[in-house]
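Listing of my_file15.pdb, PDB, C-alpha atoms
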```pdb
ATOM      1  CA  MET A   1      -5.098 -88.649-104.029
ATOM      2  CA  ASP A   2      -4.317 -92.155-105.212
ATOM      3  CA  SER A   3      -0.869 -93.582-104.586
ATOM      4  CA  ILE A   4       1.278 -96.082-106.487
ATOM      5  CA  SER A   5       4.760 -97.527-106.026
ATOM      6  CA  VAL A   6       7.502 -96.307-108.307
ATOM      7  CA  ASN A   7       7.900 -99.874-109.645
ATOM      8  CA  LYS A   8       4.215-100.132-110.657
ATOM      9  CA  PHE A   9       4.432 -96.629-112.094
ATOM     10  CA  ARG A  10       7.452 -97.537-114.223
ATOM     11  CA  ASP A  11       5.957-100.873-115.349
ATOM     12  CA  ASN A  12       2.650 -99.272-116.382
ATOM     13  CA  LEU A  13       3.869 -95.825-117.387
ATOM     14  CA  LYS A  14       1.709 -95.337-120.485
ATOM     15  CA  SER A  15      -1.585 -96.440-118.941
ATOM     16  CA  VAL A  16      -0.923 -94.609-115.672
ATOM     17  CA  ILE A  17      -0.165 -91.348-117.503
ATOM     18  CA  GLU A  18      -3.270 -91.721-119.669
ATOM     19  CA  GLN A  19      -5.323 -92.196-116.486
ATOM     20  CA  VAL A  20      -3.823 -89.122-114.808
ATOM     21  CA  VAL A  21      -4.528 -86.969-117.858
ATOM     22  CA  SER A  22      -8.059 -88.243-118.525
ATOM     23  CA  ARG A  23      -9.230 -88.166-114.887
ATOM     24  CA  HIS A  24      -7.642 -84.801-114.096
ATOM     25  CA  GLU A  25      -6.436 -86.243-110.797
ATOM     26  CA  PRO A  26      -2.846 -86.130-109.558
ATOM     27  CA  LEU A  27      -1.103 -89.359-108.613
ATOM     28  CA  LYS A  28       1.371 -89.794-105.757
ATOM     29  CA  VAL A  29       4.294 -92.064-106.646
ATOM     30  CA  THR A  30       6.132 -93.493-103.644
ATOM     31  CA  ARG A  31       9.686 -94.750-103.432
ATOM     32  CA  ARG A  32      11.181 -97.281-101.022
ATOM     33  CA  ALA A  33      13.337 -94.605 -99.428
ATOM     34  CA  GLY A  34      10.141 -92.853 -98.395
ATOM     35  CA  GLU A  35      10.480 -89.977-100.814
ATOM     36  CA  ALA A  36       7.515 -89.423-103.079
ATOM     37  CA  PHE A  37       6.589 -87.289-106.060
ATOM     38  CA  VAL A  38       3.358 -86.266-107.720
ATOM     39  CA  VAL A  39       2.400 -86.725-111.369
ATOM     40  CA  MET A  40      -0.251 -84.499-112.913
ATOM     41  CA  SER A  41      -1.152 -83.238-116.367
ATOM     42  CA  ALA A  42       0.367 -79.976-117.568
ATOM     43  CA  ASP A  43      -3.104 -78.452-118.036
ATOM     44  CA  ASP A  44      -4.045 -79.295-114.447
ATOM     45  CA  TRP A  45      -0.743 -77.889-113.165
ATOM     46  CA  GLU A  46      -1.287 -74.622-115.051
ATOM     47  CA  ARG A  47      -4.839 -74.389-113.678
ATOM     48  CA  GLU A  48      -3.498 -74.888-110.140
ATOM     49  CA  GLN A  49      -0.889 -72.166-110.698
ATOM     50  CA  GLU A  50      -3.564 -69.736-111.885
ATOM     51  CA  THR A  51      -5.686 -70.514-108.827
ATOM     52  CA  LEU A  52      -2.716 -69.955-106.518
ATOM     53  CA  HIS A  53      -2.011 -66.638-108.246
ATOM     54  CA  VAL A  54      -5.574 -65.456-107.625
ATOM     55  CA  LEU A  55      -5.585 -66.661-104.012
ATOM     56  CA  GLN A  56      -2.293 -64.877-103.294
ATOM     57  CA  SER A  57      -3.435 -61.577-104.794
ATOM     58  CA  LYS A  58      -5.126 -59.331-102.229
ATOM     59  CA  ASN A  59      -6.575 -57.136-105.001
ATOM     60  CA  LEU A  60      -8.133 -60.046-106.893
ATOM     61  CA  MET A  61      -9.539 -61.583-103.716
ATOM     62  CA  GLN A  62     -11.040 -58.209-102.779
ATOM     63  CA  GLN A  63     -12.652 -57.934-106.233
ATOM     64  CA  ILE A  64     -14.139 -61.410-105.800
ATOM     65  CA  ALA A  65     -15.476 -60.526-102.336
ATOM     66  CA  ASN A  66     -16.992 -57.291-103.634
ATOM     67  CA  SER A  67     -18.580 -59.095-106.553
ATOM     68  CA  LEU A  68     -20.082 -61.731-104.273
ATOM     69  CA  GLU A  69     -21.475 -59.036-102.007
ATOM     70  CA  THR A  70     -23.179 -57.129-104.841
ATOM     71  CA  HIS A  71     -24.472 -60.387-106.333
ATOM     72  CA  THR A  72     -25.934 -61.448-102.984
ATOM     73  CA  ARG A  73     -27.746 -58.119-102.732
ATOM     74  CA  GLY A  74     -28.982 -58.439-106.317
ATOM     75  CA  GLN A  75     -27.086 -55.322-107.314
ATOM     76  CA  GLY A  76     -24.512 -56.870-109.617
ATOM     77  CA  TYR A  77     -23.930 -55.957-113.230
ATOM     78  CA  LYS A  78     -26.642 -57.195-115.573
ATOM     79  CA  PRO A  79     -25.675 -57.375-119.253
ATOM     80  CA  THR A  80     -28.184 -56.560-121.967
ATOM     81  CA  ASP A  81     -29.621 -59.330-124.129
ATOM     82  CA  GLU A  82     -27.276 -58.261-126.918
ATOM     83  CA  GLN A  83     -24.262 -58.503-124.613
ATOM     84  CA  LEU A  84     -25.397 -61.918-123.353
ATOM     85  CA  ASN A  85     -25.703 -63.160-126.933
ATOM     86  CA  GLU A  86     -22.206 -61.904-127.690
ATOM     87  CA  ILE A  87     -20.798 -63.568-124.568
ATOM     88  CA  THR A  88     -22.511 -66.910-125.170
ATOM     89  CA  GLY A  89     -22.018 -66.846-128.948
ATOM     90  CA  ILE A  90     -25.731 -67.159-129.690
TER      91      ILE A  90
END
```

Output the structure of this file as structure tokens.
Amino acid sequence: MDSISVNKFRDNLKSVIEQVVSRHEPLKVTRRAGEAFVVMSADDWEREQETLHVLQSKNLMQQIANSLETHTRGQGYKPTDEQLNEITGI
């Protein structure tokens, strides 16, 4: 994660925010007192929250593990051509 001083952040607020949003990378902003904070886009924050939710759910993680196991064995669900077309919008 890149880091920037709070003074540079304040002086270049617009361009720094545009960079954070377009690159989808958080930015650590440091203060003289040693405290720091992180700036990230709202979309990226929501994505991170969704990931944390999945990782903290034993049921969802078990479903993922089961799916990986059946996929590895070649026994996973295989949609029909019609279903694939509906899923992909073709």

Original post:
Which residues fall under the PyMOL selection byres ((chain A and resi 36) around 12) in this file, as an NGL selection string?
Top reply: :A and (3-6 or 9 or 27-35 or 37-39)

Those residues with C-alpha atoms, as a CSV table (one decimal), keeping the file's coordinate frame please?
```
chain,number,residue,atom,x,y,z
A,3,SER,CA,-0.9,-93.6,-104.6
A,4,ILE,CA,1.3,-96.1,-106.5
A,5,SER,CA,4.8,-97.5,-106.0
A,6,VAL,CA,7.5,-96.3,-108.3
A,9,PHE,CA,4.4,-96.6,-112.1
A,27,LEU,CA,-1.1,-89.4,-108.6
A,28,LYS,CA,1.4,-89.8,-105.8
A,29,VAL,CA,4.3,-92.1,-106.6
A,30,THR,CA,6.1,-93.5,-103.6
A,31,ARG,CA,9.7,-94.8,-103.4
A,32,ARG,CA,11.2,-97.3,-101.0
A,33,ALA,CA,13.3,-94.6,-99.4
A,34,GLY,CA,10.1,-92.9,-98.4
A,35,GLU,CA,10.5,-90.0,-100.8
A,37,PHE,CA,6.6,-87.3,-106.1
A,38,VAL,CA,3.4,-86.3,-107.7
A,39,VAL,CA,2.4,-86.7,-111.4
```

Subject >> Shell of 12 Å around Pro26 of chain A, only C-alpha atoms, local chain residues under 2 positions omitted, as a list of chain:residue names >> reply: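 Result of the neighbour search: A:Met1, A:Asp2, A:Ser3, A:Ile4, A:Val16, A:Ile17, A:Glu18, A:Gln19, A:Val20, A:Val21, A:Ser22, A:Arg23, A:His24, A:Lys28, A:Val29, A:Phe37, A:Val38, A:Val39, A:Met40, A:Ser41, A:Ala42, A:Asp43, A:Asp44, A:Trp45, A:Glu48.
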
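We find atom CA of Glu50 of chain A and atom CA of Gly74 of chain A to be spaced 28.4 Å apart.
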
Subject >> For Ser67 of chain A: contacts at 9 Å, all atoms listed in the file, fewer than 5 positions along chain excluded, given as a PyMOL selection string >> reply: chain A and resi 62+72+76

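Atom CA of Thr80 of chain A sits 23.7 Å away from atom CA of Ala65 of chain A.
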
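If you look at atom CA of Lys14 of chain A and atom CA of Gln49 of chain A, they are 25.3 Å away from each other.
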
Box in all listed atoms of segment 8-20 of chain A, axis-aligned, with 5 Å more on each side; write out centre and edge lengths in Å to one decimal as lines of an AutoDock Vina configuration file.
```
center_x = 1.1
center_y = -95.0
center_z = -115.6
size_x = 22.8
size_y = 21.8
size_z = 19.8
```

Add whatever atoms are absent from segment 7-24 of chain A to reach N, CA and C atoms, and provide the output as an mmCIF file, in the coordinates of the input.
```cif
data_model
loop_
_atom_site.group_PDB
_atom_site.id
_atom_site.type_symbol
_atom_site.label_atom_id
_atom_site.label_comp_id
_atom_site.auth_asym_id
_atom_site.auth_seq_id
_atom_site.Cartn_x
_atom_site.Cartn_y
_atom_site.Cartn_z
ATOM 1 N N ASN A 7 7.760 -98.706 -108.766
ATOM 2 C CA ASN A 7 7.900 -99.874 -109.645
ATOM 3 C C ASN A 7 6.655 -100.079 -110.501
ATOM 4 N N LYS A 8 5.460 -99.991 -109.887
ATOM 5 C CA LYS A 8 4.215 -100.132 -110.657
ATOM 6 C C LYS A 8 4.064 -98.974 -111.642
ATOM 7 N N PHE A 9 4.487 -97.796 -111.211
ATOM 8 C CA PHE A 9 4.432 -96.629 -112.094
ATOM 9 C C PHE A 9 5.293 -96.857 -113.325
ATOM 10 N N ARG A 10 6.521 -97.299 -113.117
ATOM 11 C CA ARG A 10 7.452 -97.537 -114.223
ATOM 12 C C ARG A 10 6.927 -98.646 -115.144
ATOM 13 N N ASP A 11 6.421 -99.732 -114.551
ATOM 14 C CA ASP A 11 5.957 -100.873 -115.349
ATOM 15 C C ASP A 11 4.705 -100.554 -116.170
ATOM 16 N N ASN A 12 3.916 -99.605 -115.710
ATOM 17 C CA ASN A 12 2.650 -99.272 -116.382
ATOM 18 C C ASN A 12 2.601 -97.802 -116.783
ATOM 19 N N LEU A 13 3.737 -97.264 -117.152
ATOM 20 C CA LEU A 13 3.869 -95.825 -117.387
ATOM 21 C C LEU A 13 2.800 -95.273 -118.326
ATOM 22 N N LYS A 14 2.644 -95.875 -119.490
ATOM 23 C CA LYS A 14 1.709 -95.337 -120.485
ATOM 24 C C LYS A 14 0.276 -95.299 -119.959
ATOM 25 N N SER A 15 -0.195 -96.405 -119.403
ATOM 26 C CA SER A 15 -1.585 -96.440 -118.941
ATOM 27 C C SER A 15 -1.799 -95.548 -117.723
ATOM 28 N N VAL A 16 -0.799 -95.463 -116.848
ATOM 29 C CA VAL A 16 -0.923 -94.609 -115.672
ATOM 30 C C VAL A 16 -0.998 -93.141 -116.092
ATOM 31 N N ILE A 17 -0.154 -92.734 -117.026
ATOM 32 C CA ILE A 17 -0.165 -91.348 -117.503
ATOM 33 C C ILE A 17 -1.492 -91.029 -118.192
ATOM 34 N N GLU A 18 -1.980 -91.940 -119.005
ATOM 35 C CA GLU A 18 -3.270 -91.721 -119.669
ATOM 36 C C GLU A 18 -4.382 -91.543 -118.641
ATOM 37 N N GLN A 19 -4.324 -92.302 -117.552
ATOM 38 C CA GLN A 19 -5.323 -92.196 -116.486
ATOM 39 C C GLN A 19 -5.239 -90.832 -115.791
ATOM 40 N N VAL A 20 -4.025 -90.407 -115.482
ATOM 41 C CA VAL A 20 -3.823 -89.122 -114.808
ATOM 42 C C VAL A 20 -4.370 -87.982 -115.662
ATOM 43 N N VAL A 21 -4.085 -88.032 -116.958
ATOM 44 C CA VAL A 21 -4.528 -86.969 -117.858
ATOM 45 C C VAL A 21 -6.044 -86.991 -118.040
ATOM 46 N N SER A 22 -6.619 -88.163 -118.244
ATOM 47 C CA SER A 22 -8.059 -88.243 -118.525
ATOM 48 C C SER A 22 -8.926 -87.975 -117.291
ATOM 49 N N ARG A 23 -8.454 -88.363 -116.119
ATOM 50 C CA ARG A 23 -9.230 -88.166 -114.887
ATOM 51 C C ARG A 23 -9.016 -86.794 -114.257
ATOM 52 N N HIS A 24 -7.987 -86.104 -114.682
ATOM 53 C CA HIS A 24 -7.642 -84.801 -114.096
ATOM 54 C C HIS A 24 -7.420 -84.927 -112.597
#
```
